[in-house]
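Engineer: Pasting coords_28.txt here (compact mmCIF, C-alpha atoms):
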```txt
# COMPACT_ATOMS: atom_id res chain seq x y z
CA MET U 1 -18.69 86.39 0.60
CA ARG U 2 -17.62 85.18 -2.84
CA ASP U 3 -15.21 86.85 -5.24
CA GLY U 4 -14.98 86.59 -9.02
CA ASN U 5 -12.66 83.59 -8.79
CA TRP U 6 -15.19 81.36 -7.03
CA LYS U 7 -15.06 78.80 -9.84
CA LEU U 8 -11.32 78.29 -9.39
CA VAL U 9 -11.65 78.04 -5.62
CA ALA U 10 -14.60 75.64 -5.90
CA ALA U 11 -12.65 73.50 -8.39
CA ALA U 12 -9.68 73.33 -6.01
CA PHE U 13 -12.02 72.40 -3.16
CA LEU U 14 -13.58 69.63 -5.27
CA ALA U 15 -10.14 68.34 -6.29
CA SER U 16 -9.02 68.10 -2.65
CA GLN U 17 -12.14 66.18 -1.65
CA CYS U 18 -11.89 63.78 -4.58
CA LEU U 19 -8.27 63.02 -3.72
CA THR U 20 -9.42 62.18 -0.21
CA LEU U 21 -12.22 60.04 -1.62
CA VAL U 22 -9.88 57.95 -3.77
CA GLY U 23 -7.74 56.99 -0.79
CA SER U 24 -10.64 56.48 1.60
CA SER U 25 -12.62 54.37 -0.86
CA ALA U 26 -9.60 52.22 -1.67
CA VAL U 27 -8.94 51.61 2.02
CA GLN U 28 -12.61 50.79 2.71
CA MET U 29 -12.65 48.27 -0.13
CA ALA U 30 -9.34 46.78 0.95
CA ILE U 31 -10.62 46.27 4.51
CA ALA U 32 -13.87 44.69 3.31
CA TRP U 33 -12.09 42.36 0.88
CA TYR U 34 -9.41 41.43 3.40
CA VAL U 35 -12.00 40.51 6.04
CA ALA U 36 -14.05 38.51 3.52
CA VAL U 37 -11.05 36.54 2.23
CA GLU U 38 -9.29 35.97 5.54
CA THR U 39 -12.32 35.11 7.70
CA SER U 40 -15.28 34.13 5.49
CA SER U 41 -17.25 35.22 8.56
CA GLY U 42 -20.57 37.01 8.53
CA ALA U 43 -20.00 38.06 12.12
CA TRP U 44 -16.77 39.87 11.28
CA ALA U 45 -18.37 41.43 8.20
CA ALA U 46 -21.21 42.72 10.39
CA ALA U 47 -18.70 44.01 12.96
CA MET U 48 -16.88 45.98 10.27
CA LEU U 49 -20.19 47.39 9.03
CA VAL U 50 -21.08 48.57 12.54
CA ALA U 51 -17.59 49.99 13.08
CA GLY U 52 -17.72 51.83 9.76
CA PHE U 53 -21.10 53.52 10.17
CA VAL U 54 -22.31 53.76 13.78
CA PRO U 55 -19.65 56.26 14.97
CA GLN U 56 -20.45 58.54 12.03
CA MET U 57 -24.16 58.31 12.81
CA ALA U 58 -23.51 59.25 16.44
CA VAL U 59 -21.10 62.13 15.91
CA SER U 60 -22.48 63.90 12.80
CA PRO U 61 -25.23 65.98 14.49
CA PHE U 62 -22.83 67.17 17.20
CA ALA U 63 -20.08 67.90 14.67
CA GLY U 64 -22.56 69.92 12.65
CA ALA U 65 -23.60 71.87 15.75
CA TRP U 66 -19.97 72.58 16.62
CA ILE U 67 -19.30 73.78 13.07
CA ASP U 68 -22.31 76.09 13.21
CA ARG U 69 -21.14 77.49 16.55
CA ARG U 70 -17.45 77.93 15.74
CA GLY U 71 -17.48 78.22 11.95
CA PHE U 72 -14.10 76.52 11.46
CA ARG U 73 -15.11 74.49 8.41
CA LYS U 74 -11.72 74.38 6.73
CA ALA U 75 -9.97 73.47 9.98
CA ALA U 76 -12.53 70.72 10.62
CA ILE U 77 -11.96 69.21 7.15
CA ILE U 78 -8.18 69.31 7.49
CA ALA U 79 -8.28 67.85 11.01
CA ALA U 80 -10.57 65.01 9.93
CA ASP U 81 -8.32 64.17 6.98
CA ALA U 82 -5.20 64.34 9.14
CA VAL U 83 -6.59 62.11 11.90
CA SER U 84 -7.90 59.60 9.37
CA ALA U 85 -4.51 59.47 7.61
CA ALA U 86 -2.63 59.15 10.91
CA THR U 87 -4.91 56.26 11.87
CA ALA U 88 -4.22 54.56 8.55
CA LEU U 89 -0.47 55.03 9.03
CA ALA U 90 -0.57 53.59 12.55
CA LEU U 91 -2.63 50.67 11.28
CA ALA U 92 -0.17 50.02 8.46
CA VAL U 93 2.71 49.85 10.94
CA PHE U 94 0.73 47.57 13.26
CA LEU U 95 -0.30 45.20 10.46
CA ALA U 96 3.26 45.01 9.17
CA THR U 97 4.26 43.65 12.60
CA SER U 98 1.02 41.76 13.21
CA PHE U 99 0.57 39.92 16.48
CA GLY U 100 -1.93 37.47 15.00
CA ASP U 101 -5.05 37.35 12.84
CA THR U 102 -7.45 38.24 15.64
CA ALA U 103 -5.37 41.22 16.70
CA ALA U 104 -5.24 42.41 13.09
CA LEU U 105 -9.03 42.18 12.75
CA VAL U 106 -9.60 44.04 16.02
CA ALA U 107 -7.18 46.73 14.85
CA LEU U 108 -9.03 47.02 11.53
CA ALA U 109 -12.36 47.44 13.36
CA ALA U 110 -10.88 50.06 15.69
CA ALA U 111 -9.37 51.97 12.77
CA SER U 112 -12.68 51.82 10.90
CA SER U 113 -14.40 53.35 13.93
CA VAL U 114 -11.92 56.24 14.06
CA ARG U 115 -12.25 56.81 10.32
CA SER U 116 -16.04 56.78 10.70
CA LEU U 117 -15.81 59.47 13.38
CA CYS U 118 -13.69 61.56 11.03
CA ALA U 119 -16.26 61.13 8.26
CA GLY U 120 -18.94 62.31 10.69
CA VAL U 121 -17.02 65.56 11.16
CA GLN U 122 -15.96 66.01 7.55
CA MET U 123 -19.32 65.51 5.82
CA PRO U 124 -21.24 68.44 7.40
CA ALA U 125 -18.15 70.65 7.11
CA VAL U 126 -17.76 69.91 3.39
CA GLN U 127 -21.44 70.26 2.46
CA SER U 128 -21.90 73.50 4.40
CA SER U 129 -18.70 74.87 2.84
CA VAL U 130 -20.10 74.40 -0.68
CA ALA U 131 -22.99 76.74 0.17
CA ILE U 132 -20.39 79.42 0.98
CA LEU U 133 -18.22 78.87 -2.10
CA VAL U 134 -20.86 78.43 -4.82
CA PRO U 135 -23.62 80.89 -5.77
CA GLU U 136 -27.15 79.59 -5.20
CA GLU U 137 -28.02 79.55 -8.89
CA ALA U 138 -25.04 77.28 -9.62
CA LEU U 139 -25.52 74.79 -6.75
CA LEU U 140 -27.42 72.13 -8.73
CA ARG U 141 -24.88 72.17 -11.57
CA TYR U 142 -21.95 72.10 -9.15
CA ASN U 143 -23.39 69.16 -7.23
CA GLY U 144 -23.97 67.33 -10.51
CA ILE U 145 -20.30 67.80 -11.35
CA VAL U 146 -19.37 66.67 -7.84
CA SER U 147 -21.41 63.51 -8.26
CA ALA U 148 -19.82 62.67 -11.62
CA VAL U 149 -16.26 63.32 -10.43
CA GLN U 150 -16.78 61.43 -7.18
CA ASN U 151 -18.07 58.38 -9.04
CA VAL U 152 -15.02 58.48 -11.31
CA ALA U 153 -12.84 58.63 -8.18
CA GLN U 154 -14.65 55.68 -6.59
CA PHE U 155 -14.39 53.73 -9.83
CA ALA U 156 -10.65 54.39 -9.93
CA ALA U 157 -10.33 53.23 -6.32
CA VAL U 158 -11.48 49.70 -7.22
CA PRO U 159 -8.43 48.61 -9.30
CA LEU U 160 -6.17 50.67 -7.04
CA ALA U 161 -7.29 48.72 -3.99
CA ALA U 162 -7.09 45.39 -5.84
CA LEU U 163 -3.57 46.01 -7.14
CA THR U 164 -2.28 47.25 -3.79
CA LEU U 165 -3.75 44.28 -1.94
CA SER U 166 -2.42 41.82 -4.49
CA PHE U 167 1.14 43.08 -4.57
CA GLY U 168 1.65 44.86 -1.25
CA GLY U 169 -0.83 43.36 1.19
CA ILE U 170 -3.23 45.05 3.58
CA SER U 171 -0.58 47.19 5.28
CA SER U 172 0.44 48.75 1.96
CA ALA U 173 -3.20 49.45 1.11
CA MET U 174 -3.47 51.59 4.24
CA LEU U 175 -0.71 53.85 2.95
CA LEU U 176 -2.90 54.92 0.03
CA ASP U 177 -4.99 57.00 2.40
CA VAL U 178 -1.90 58.59 3.90
CA VAL U 179 -0.61 59.75 0.51
CA THR U 180 -3.91 61.01 -0.89
CA ALA U 181 -4.86 62.76 2.36
CA ALA U 182 -1.51 64.55 2.50
CA VAL U 183 -1.94 65.89 -1.03
CA ALA U 184 -5.59 66.79 -0.40
CA VAL U 185 -4.77 68.70 2.79
CA GLY U 186 -2.03 70.59 0.93
CA VAL U 187 -4.40 71.64 -1.85
CA LEU U 188 -7.09 72.69 0.62
CA ALA U 189 -4.68 74.63 2.82
CA VAL U 190 -3.02 76.52 -0.04
CA ALA U 191 -5.67 76.98 -2.73
CA VAL U 192 -8.96 77.30 -0.82
CA LYS U 193 -9.98 80.20 1.38
CA LEU U 194 -13.26 79.70 3.22
CA PRO U 195 -14.81 82.83 4.68
CA ARG U 196 -16.20 82.29 8.14
CA VAL U 197 -19.96 82.56 8.53
CA GLU U 198 -20.62 84.83 11.47
CA ALA U 199 -22.95 83.48 14.11
CA THR U 200 -26.39 85.09 14.35
CA SER U 201 -27.49 86.89 17.51
CA CYS U 202 -29.68 83.87 18.30
CA ALA U 203 -26.72 81.55 18.00
CA LEU U 204 -24.57 83.81 20.14
CA SER U 205 -27.22 83.89 22.84
CA GLN U 206 -27.08 80.10 22.97
CA GLU U 207 -23.30 80.01 23.34
CA LYS U 208 -23.59 78.71 26.91
CA ALA U 209 -26.31 76.20 26.14
CA GLY U 210 -23.99 73.42 25.05
CA LEU U 211 -23.90 71.16 22.02
CA PHE U 212 -26.89 69.07 23.11
CA GLU U 213 -29.11 72.14 23.08
CA ASP U 214 -27.64 73.16 19.73
CA VAL U 215 -28.54 69.77 18.29
CA ARG U 216 -32.08 70.02 19.69
CA GLU U 217 -32.40 73.50 18.21
CA GLY U 218 -31.32 72.12 14.84
CA ALA U 219 -33.93 69.36 15.10
CA ARG U 220 -36.62 71.94 15.90
CA TYR U 221 -35.51 74.02 12.93
CA ALA U 222 -35.73 71.04 10.57
CA ARG U 223 -39.15 70.14 11.94
CA ASN U 224 -40.55 73.67 11.73
CA GLU U 225 -39.10 74.47 8.29
CA ARG U 226 -41.26 72.15 6.22
CA ALA U 227 -39.20 72.54 3.04
CA VAL U 228 -36.15 71.30 4.96
CA GLY U 229 -37.82 68.61 7.05
CA PHE U 230 -39.68 67.10 4.11
CA VAL U 231 -36.50 66.83 2.03
CA LEU U 232 -34.56 65.26 4.92
CA ALA U 233 -37.33 62.73 5.60
CA SER U 234 -37.57 61.88 1.90
CA TYR U 235 -33.81 61.44 1.67
CA GLY U 236 -33.89 59.06 4.63
CA ALA U 237 -36.73 57.07 3.05
CA PHE U 238 -34.79 56.90 -0.22
CA ILE U 239 -31.62 55.62 1.48
CA PHE U 240 -33.58 52.94 3.33
CA LEU U 241 -35.67 51.82 0.34
CA SER U 242 -32.71 51.76 -2.06
CA VAL U 243 -30.93 48.99 -0.16
CA PRO U 244 -32.57 46.00 -1.96
CA SER U 245 -31.76 47.30 -5.44
CA GLY U 246 -28.38 48.71 -4.43
CA PHE U 247 -26.46 46.88 -1.76
CA LEU U 248 -28.16 43.52 -2.33
CA VAL U 249 -27.49 43.39 -6.09
CA PRO U 250 -24.78 40.68 -5.83
CA LEU U 251 -27.15 38.48 -3.81
CA LEU U 252 -29.99 39.04 -6.28
CA MET U 253 -27.80 38.24 -9.28
CA GLU U 254 -26.39 35.11 -7.68
CA ARG U 255 -29.88 33.82 -6.81
CA ALA U 256 -31.62 34.68 -10.06
CA PHE U 257 -28.87 34.11 -12.62
CA ASP U 258 -26.14 32.12 -10.82
CA ALA U 259 -23.83 35.06 -11.49
CA SER U 260 -20.08 34.59 -11.85
CA TYR U 261 -17.44 36.97 -10.51
CA ALA U 262 -16.99 38.34 -14.03
CA MET U 263 -20.73 39.08 -14.28
CA LEU U 264 -20.74 40.79 -10.89
CA ALA U 265 -17.72 42.90 -11.87
CA PHE U 266 -19.39 43.87 -15.14
CA ALA U 267 -22.57 44.89 -13.28
CA GLU U 268 -20.53 46.99 -10.82
CA GLY U 269 -18.70 48.71 -13.67
CA ALA U 270 -21.90 49.37 -15.60
CA GLY U 271 -23.53 50.88 -12.52
CA CYS U 272 -20.55 53.17 -11.81
CA PHE U 273 -20.37 54.31 -15.44
CA SER U 274 -24.11 55.04 -15.44
CA MET U 275 -23.76 57.15 -12.28
CA VAL U 276 -21.02 59.18 -13.95
CA VAL U 277 -23.27 59.74 -16.98
CA GLY U 278 -26.15 60.77 -14.72
CA GLY U 279 -23.96 63.37 -13.00
CA VAL U 280 -22.68 64.74 -16.32
CA VAL U 281 -26.21 65.03 -17.73
CA LEU U 282 -27.38 66.86 -14.62
CA ALA U 283 -24.45 69.26 -14.78
CA ALA U 284 -25.11 69.96 -18.48
CA PHE U 285 -28.86 70.56 -18.12
CA ALA U 286 -29.03 71.88 -14.55
CA ASP U 287 -30.94 75.04 -15.49
CA ARG U 288 -33.73 73.09 -17.18
CA MET U 289 -33.90 70.43 -14.46
CA LYS U 290 -33.85 72.71 -11.44
CA GLY U 291 -37.51 72.23 -10.56
CA VAL U 292 -37.80 68.55 -11.43
CA ALA U 293 -34.41 66.93 -10.75
CA LEU U 294 -35.39 65.40 -7.40
CA PRO U 295 -38.82 63.96 -8.32
CA LEU U 296 -37.46 62.85 -11.71
CA GLY U 297 -34.57 61.08 -9.98
CA LEU U 298 -36.88 59.35 -7.50
CA ILE U 299 -39.33 58.21 -10.20
CA THR U 300 -36.51 57.01 -12.45
CA TYR U 301 -34.83 55.15 -9.62
CA GLY U 302 -38.12 53.51 -8.67
CA ALA U 303 -38.71 52.41 -12.26
CA GLY U 304 -35.19 50.97 -12.49
CA SER U 305 -35.60 49.15 -9.17
CA MET U 306 -38.88 47.61 -10.34
CA GLY U 307 -37.13 46.64 -13.57
CA VAL U 308 -34.42 44.90 -11.58
CA GLY U 309 -37.00 42.98 -9.57
CA LEU U 310 -39.19 41.98 -12.50
CA ALA U 311 -36.42 41.19 -15.01
CA THR U 312 -36.82 37.82 -16.70
CA GLY U 313 -33.18 37.60 -17.78
CA CYS U 314 -29.78 39.06 -17.01
CA PRO U 315 -29.78 41.63 -19.88
CA LEU U 316 -33.04 43.15 -18.61
CA PHE U 317 -31.68 43.07 -15.05
CA LEU U 318 -28.64 45.07 -16.19
CA VAL U 319 -30.87 47.58 -18.00
CA GLY U 320 -32.78 48.17 -14.77
CA LEU U 321 -29.51 48.51 -12.86
CA VAL U 322 -28.18 51.08 -15.34
CA VAL U 323 -31.41 53.09 -15.14
CA LEU U 324 -31.49 53.25 -11.34
CA SER U 325 -27.76 54.01 -11.17
CA ALA U 326 -28.17 56.99 -13.51
CA ALA U 327 -30.88 58.34 -11.19
CA ILE U 328 -28.72 58.30 -8.04
CA PRO U 329 -26.76 61.49 -8.89
CA LEU U 330 -30.03 63.31 -9.60
CA VAL U 331 -31.40 62.45 -6.17
CA GLN U 332 -28.19 63.11 -4.24
CA ALA U 333 -27.29 66.35 -6.02
CA ALA U 334 -30.85 67.71 -5.91
CA VAL U 335 -31.24 66.99 -2.18
CA THR U 336 -27.88 68.57 -1.40
CA ALA U 337 -28.49 71.64 -3.58
CA HIS U 338 -31.97 72.12 -2.14
CA LEU U 339 -30.67 72.11 1.43
CA GLN U 340 -27.71 74.34 0.57
CA SER U 341 -30.15 76.83 -0.97
CA PHE U 342 -32.88 76.89 1.68
CA VAL U 343 -31.18 76.23 5.02
CA ASP U 344 -30.26 79.17 7.24
CA PRO U 345 -26.44 79.50 7.15
CA ALA U 346 -26.40 79.38 10.96
CA MET U 347 -28.07 75.95 10.80
CA MET U 348 -26.22 74.53 7.80
CA GLY U 349 -23.79 72.33 9.75
CA ARG U 350 -26.52 70.80 11.90
CA VAL U 351 -28.79 70.02 8.96
CA PHE U 352 -26.01 68.30 7.05
CA GLY U 353 -25.00 66.58 10.25
CA PHE U 354 -28.50 65.10 10.43
CA MET U 355 -28.23 64.11 6.77
CA GLY U 356 -24.94 62.30 7.36
CA SER U 357 -26.32 60.62 10.45
CA MET U 358 -29.37 59.40 8.53
CA TYR U 359 -27.21 57.85 5.83
CA ALA U 360 -24.82 56.23 8.29
CA GLY U 361 -27.71 54.82 10.32
CA LEU U 362 -30.33 53.85 7.75
CA MET U 363 -28.00 52.17 5.27
CA PRO U 364 -26.71 49.46 7.66
CA LEU U 365 -30.16 49.17 9.25
CA GLY U 366 -31.68 48.59 5.82
CA SER U 367 -28.92 46.13 4.94
CA LEU U 368 -29.62 44.14 8.10
CA LEU U 369 -33.41 44.17 7.76
CA PHE U 370 -33.64 43.52 4.03
CA GLY U 371 -30.79 41.02 4.20
CA LEU U 372 -32.80 38.96 6.69
CA LEU U 373 -36.01 39.33 4.66
CA ALA U 374 -34.19 38.31 1.49
CA ASP U 375 -33.48 34.89 3.00
CA GLY U 376 -37.20 34.12 3.23
CA ALA U 377 -38.72 36.04 0.31
CA PRO U 378 -38.54 35.54 -3.48
CA ALA U 379 -35.65 37.50 -4.98
CA TRP U 380 -37.87 39.82 -7.04
CA THR U 381 -40.18 41.07 -4.28
CA LEU U 382 -37.95 43.44 -2.31
CA PRO U 383 -36.55 45.57 -5.18
CA THR U 384 -39.97 45.67 -6.85
CA LEU U 385 -41.92 46.77 -3.78
CA CYS U 386 -39.26 49.20 -2.58
CA GLY U 387 -38.91 50.60 -6.11
CA ALA U 388 -42.66 51.24 -6.27
CA ALA U 389 -42.44 53.09 -2.93
CA VAL U 390 -39.56 55.28 -4.18
CA ALA U 391 -41.44 56.10 -7.39
CA LEU U 392 -44.53 57.03 -5.35
CA LEU U 393 -42.35 59.33 -3.24
CA GLY U 394 -41.22 61.04 -6.46
CA VAL U 395 -44.81 61.49 -7.62
CA MET U 396 -45.64 63.10 -4.27
CA PHE U 397 -42.61 65.39 -4.62
CA LEU U 398 -43.31 66.55 -8.19
CA PRO U 399 -45.99 69.21 -7.58
CA ARG U 400 -44.18 70.51 -4.49
CA MET U 401 -40.89 71.01 -6.34
CA ILE U 402 -42.52 72.53 -9.43
CA SER U 403 -44.48 75.09 -7.37
CA SER U 404 -41.35 75.92 -5.36
CA HIS U 405 -39.36 76.45 -8.57
CA ARG U 406 -42.09 78.71 -9.99
CA ARG U 407 -42.08 80.83 -6.83
CA GLU U 408 -38.30 81.23 -7.06
CA ALA U 409 -38.54 82.19 -10.73
CA GLY U 410 -41.25 84.73 -9.93
CA CYS U 411 -39.19 86.31 -7.16
CA SER U 412 -36.13 86.60 -9.38
CA LYS U 413 -37.96 88.62 -12.07
```
As structure tokens, what does this structure read like?
Structural biologist:
Amino acid sequence: MRDGNWKLVAAAFLASQCLTLVGSSAVQMAIAWYVAVETSSGAWAAAMLVAGFVPQMAVSPFAGAWIDRRGFRKAAIIAADAVSAATALALAVFLATSFGDTAALVALAAASSVRSLCAGVQMPAVQSSVAILVPEEALLRYNGIVSAVQNVAQFAAVPLAALTLSFGGISSAMLLDVVTAAVAVGVLAVAVKLPRVEATSCALSQEKAGLFEDVREGARYARNERAVGFVLASYGAFIFLSVPSGFLVPLLMERAFDASYAMLAFAEGAGCFSMVVGGVVLAAFADRMKGVALPLGLITYGAGSMGVGLATGCPLFLVGLVVLSAAIPLVQAAVTAHLQSFVDPAMMGRVFGFMGSMYAGLMPLGSLLFGLLADGAPAWTLPTLCGAAVALLGVMFLPRMISSHRREAGCSK
């Protein structure tokens, strides 16, 4: 299913997705900043969080099932990008002729919901496409490169969003997504050819069963295939437990060190740079890290999270933040590569649909729960305890991954 030019095709595919990411990230940041500045309201911030994640959580498993059934991965990616860009364009026009602050906020929430639905379709289509484009032995390295490039794109989106908001306002910021999506769709349409994965006889026999049955079949597959189910459950636990040392960092720094905006910006930049370095290191040493990347990432993240919680001063806090940030690409890339390697191609969309749904659901749930707990607990307790749990998860994973890697090496001889 792959020709000798797979590296060029995979590079074009990565370029198209990173272009999309720059625009989408800039728009997400612009919306969050605009709501924070214009309303200073926790209720509106929570509403935007719900609008940005709940639709993705709801639609991802069904989008994955549809992709498995129909196989139109490239069409799904292009359609999701196009709808998201059209929504951003309509929002830009509406905001330029705003009918009032409340109407603008409602429109932003509605647009965020549509964009979240598009993300729920795009994520399983993209991740299952990589398994078609990239040979199994190169998946870990490719996902390490993806992680590094994506973090560079997200880092670039920060000043882009700030400059656009400062000089053009919120309506101009929306146009960023229109431009980047148009270029990304063009690259994907012209330079990337995705072969269609033919449905298995089992899948064809279920053609009349409907998407709900397809989703249930995917859940049964993940439960019965222990290598898949264990990785998915561990990924969900990691997303949930990483909230205190990830999304609550500004709150922790403000409480412990009375952090200024400059300090918060420096911490954000240091974390992004460390994630880029982590992705580059993984890409460079993927062959040596194939059996240990996931447990090593979990243990390293846990150690960094405990360092953040137990730091006695800001320099030590930043060291812990850099350590845990460098571990994030290891965890994300290893989980993705593992699933792309082991999952039945006929189930690939559903499994990655579940993965996207877990992220979109557990991240805001963790933010809500740990945010409430943070108001009544000492600042150091949550990242320390959650970090210890993540490290323990890595220790549990280590023998399983090493034995799995040895079996693969034995089979390949």
Engineer: Please report as a Markdown table every residue of region 236-303 of chain U lying within 7 Å of region 380-396 of chain U, along with the nearest atom pair and their distance in Å (one decimal), using all atoms listed in the file.
Structural biologist:
```
| residue | atom | partner | partner_atom | distance |
| --- | --- | --- | --- | --- |
| U:Phe238 | CA | U:Val390 | CA | 6.4 |
| U:Leu241 | CA | U:Cys386 | CA | 5.3 |
| U:Pro244 | CA | U:Pro383 | CA | 5.1 |
| U:Ser245 | CA | U:Pro383 | CA | 5.1 |
| U:Pro295 | CA | U:Gly394 | CA | 4.2 |
| U:Leu296 | CA | U:Gly394 | CA | 6.7 |
| U:Leu298 | CA | U:Gly394 | CA | 4.8 |
| U:Ile299 | CA | U:Ala391 | CA | 4.1 |
| U:Gly302 | CA | U:Gly387 | CA | 4.0 |
| U:Ala303 | CA | U:Gly387 | CA | 6.4 |
```
Engineer: List the residues sitting within 6 Å of (-12.6, 55.0, 6.2) in the file's frame, using all atoms listed in the file, as a ChimeraX atom specification.
Structural biologist: /U:24,28,112,115-116
Engineer: Please produce a file of those selected residues containing C-alpha atoms, as a PDB file, in the coordinates of the input.
Structural biologist:
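Writing done, so here's part_9.pdb:
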```pdb
ATOM      1  CA  SER U  24     -10.640  56.480   1.600  1.00  0.00           C
ATOM      2  CA  GLN U  28     -12.610  50.790   2.710  1.00  0.00           C
ATOM      3  CA  SER U 112     -12.680  51.820  10.900  1.00  0.00           C
ATOM      4  CA  ARG U 115     -12.250  56.810  10.320  1.00  0.00           C
ATOM      5  CA  SER U 116     -16.040  56.780  10.700  1.00  0.00           C
TER       6      SER U 116
END
```
Engineer: Calculated over only C-alpha atoms, which of the candidates U:Pro55, U:Gly23, U:Gly71, U:Gly229 has the smallest distance to Ala88 (chain U)?
Structural biologist: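 Of the candidates, the smallest distance to Ala88 (chain U) is held by U:Gly23.
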Engineer: Given 6 Å of margin on each side, can you work out the centre and size in Å (one decimal) of an axis-aligned box holding every listed atom of region 162-181 of chain U, as lines of an AutoDock Vina configuration file?
Structural biologist:
```
center_x = -2.7
center_y = 52.3
center_z = -0.9
size_x = 20.7
size_y = 32.9
size_z = 24.4
```
Engineer: Could you tell me how far CA of Gln340 (chain U) sits from CA of Ile132 (chain U), in Å to one decimal place?
Structural biologist: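 Computing it gives 8.9 Å between the two atoms.
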Engineer: Which neighbours of Ser357 (chain U) fall inside 6 Å, counting all atoms listed in the file, when residues of the same chain fewer than 4 positions from it are skipped, and could you give them as a list in words?
Structural biologist: Met57, Ser60 and Gly361 of chain U
Engineer: Of the residues U:Ala46, U:Ala82, U:Cys314, U:Val276, which is the one nearest to Leu368 (chain U), using all atoms listed in the file?
Structural biologist: U:Ala46
Engineer: Dump as a PyMOL selection string all residues having an atom at most 12 Å from (-23.0, 53.2, -12.4), computed in the file's coordinates with all atoms listed in the file.
Structural biologist: chain U and resi 147-148+150-152+154-155+246+265-279+318-329
Engineer: Output C-alpha atoms for every residue in the selection just made, as a PDB file, keeping the file's coordinate frame.
Structural biologist:
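Below is the file selection.pdb, written as the result:
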```pdb
ATOM      1  CA  SER U 147     -21.410  63.510  -8.260  1.00  0.00           C
ATOM      2  CA  ALA U 148     -19.820  62.670 -11.620  1.00  0.00           C
ATOM      3  CA  GLN U 150     -16.780  61.430  -7.180  1.00  0.00           C
ATOM      4  CA  ASN U 151     -18.070  58.380  -9.040  1.00  0.00           C
ATOM      5  CA  VAL U 152     -15.020  58.480 -11.310  1.00  0.00           C
ATOM      6  CA  GLN U 154     -14.650  55.680  -6.590  1.00  0.00           C
ATOM      7  CA  PHE U 155     -14.390  53.730  -9.830  1.00  0.00           C
ATOM      8  CA  GLY U 246     -28.380  48.710  -4.430  1.00  0.00           C
ATOM      9  CA  ALA U 265     -17.720  42.900 -11.870  1.00  0.00           C
ATOM     10  CA  PHE U 266     -19.390  43.870 -15.140  1.00  0.00           C
ATOM     11  CA  ALA U 267     -22.570  44.890 -13.280  1.00  0.00           C
ATOM     12  CA  GLU U 268     -20.530  46.990 -10.820  1.00  0.00           C
ATOM     13  CA  GLY U 269     -18.700  48.710 -13.670  1.00  0.00           C
ATOM     14  CA  ALA U 270     -21.900  49.370 -15.600  1.00  0.00           C
ATOM     15  CA  GLY U 271     -23.530  50.880 -12.520  1.00  0.00           C
ATOM     16  CA  CYS U 272     -20.550  53.170 -11.810  1.00  0.00           C
ATOM     17  CA  PHE U 273     -20.370  54.310 -15.440  1.00  0.00           C
ATOM     18  CA  SER U 274     -24.110  55.040 -15.440  1.00  0.00           C
ATOM     19  CA  MET U 275     -23.760  57.150 -12.280  1.00  0.00           C
ATOM     20  CA  VAL U 276     -21.020  59.180 -13.950  1.00  0.00           C
ATOM     21  CA  VAL U 277     -23.270  59.740 -16.980  1.00  0.00           C
ATOM     22  CA  GLY U 278     -26.150  60.770 -14.720  1.00  0.00           C
ATOM     23  CA  GLY U 279     -23.960  63.370 -13.000  1.00  0.00           C
ATOM     24  CA  LEU U 318     -28.640  45.070 -16.190  1.00  0.00           C
ATOM     25  CA  VAL U 319     -30.870  47.580 -18.000  1.00  0.00           C
ATOM     26  CA  GLY U 320     -32.780  48.170 -14.770  1.00  0.00           C
ATOM     27  CA  LEU U 321     -29.510  48.510 -12.860  1.00  0.00           C
ATOM     28  CA  VAL U 322     -28.180  51.080 -15.340  1.00  0.00           C
ATOM     29  CA  VAL U 323     -31.410  53.090 -15.140  1.00  0.00           C
ATOM     30  CA  LEU U 324     -31.490  53.250 -11.340  1.00  0.00           C
ATOM     31  CA  SER U 325     -27.760  54.010 -11.170  1.00  0.00           C
ATOM     32  CA  ALA U 326     -28.170  56.990 -13.510  1.00  0.00           C
ATOM     33  CA  ALA U 327     -30.880  58.340 -11.190  1.00  0.00           C
ATOM     34  CA  ILE U 328     -28.720  58.300  -8.040  1.00  0.00           C
ATOM     35  CA  PRO U 329     -26.760  61.490  -8.890  1.00  0.00           C
TER      36      PRO U 329
END
```
Engineer: From the options U:Leu14, U:Leu248, U:Ala334, U:Ile31, which residue's atoms come nearest to Phe370 (chain U), counting all atoms listed in the file?
Structural biologist: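 Closest candidate: U:Leu248.
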Engineer: Calculated over all atoms listed in the file, which of the candidates U:Leu310, U:Ile170, U:Ala32, U:Leu252 has the smallest distance to Phe94 (chain U)?
Structural biologist: U:Ile170
Engineer: Rank nothing, just name the residue among U:Ala75, U:Gly120, U:Ala30, U:Ala181 nearest to Leu163 (chain U), using all atoms listed in the file.
Structural biologist: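 With all atoms listed in the file as the atom set, the closest residue is U:Ala30.
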Engineer: Would you mind telling me which residue in U:Gly356, U:Gly52, U:Gly309, U:Pro364 lies nearest to Val126 (chain U) when using all atoms listed in the file?
Structural biologist: U:Gly356
Engineer: Tell me, in Å to one decimal, how far CA of Pro378 (chain U) is from CA of Arg255 (chain U).
Structural biologist: 9.4 Å
Engineer: Quick one: residues within 12 Å of Val190 (chain U), all atoms listed in the file counted, chain neighbours fewer than 2 positions away excluded, as a CSV table (one decimal) with C-alpha atoms, keeping the file's coordinate frame?
Structural biologist:
```csv
chain,number,residue,atom,x,y,z
U,9,VAL,CA,-11.6,78.0,-5.6
U,12,ALA,CA,-9.7,73.3,-6.0
U,13,PHE,CA,-12.0,72.4,-3.2
U,16,SER,CA,-9.0,68.1,-2.6
U,74,LYS,CA,-11.7,74.4,6.7
U,78,ILE,CA,-8.2,69.3,7.5
U,183,VAL,CA,-1.9,65.9,-1.0
U,184,ALA,CA,-5.6,66.8,-0.4
U,185,VAL,CA,-4.8,68.7,2.8
U,186,GLY,CA,-2.0,70.6,0.9
U,187,VAL,CA,-4.4,71.6,-1.8
U,188,LEU,CA,-7.1,72.7,0.6
U,192,VAL,CA,-9.0,77.3,-0.8
U,193,LYS,CA,-10.0,80.2,1.4
U,194,LEU,CA,-13.3,79.7,3.2
```
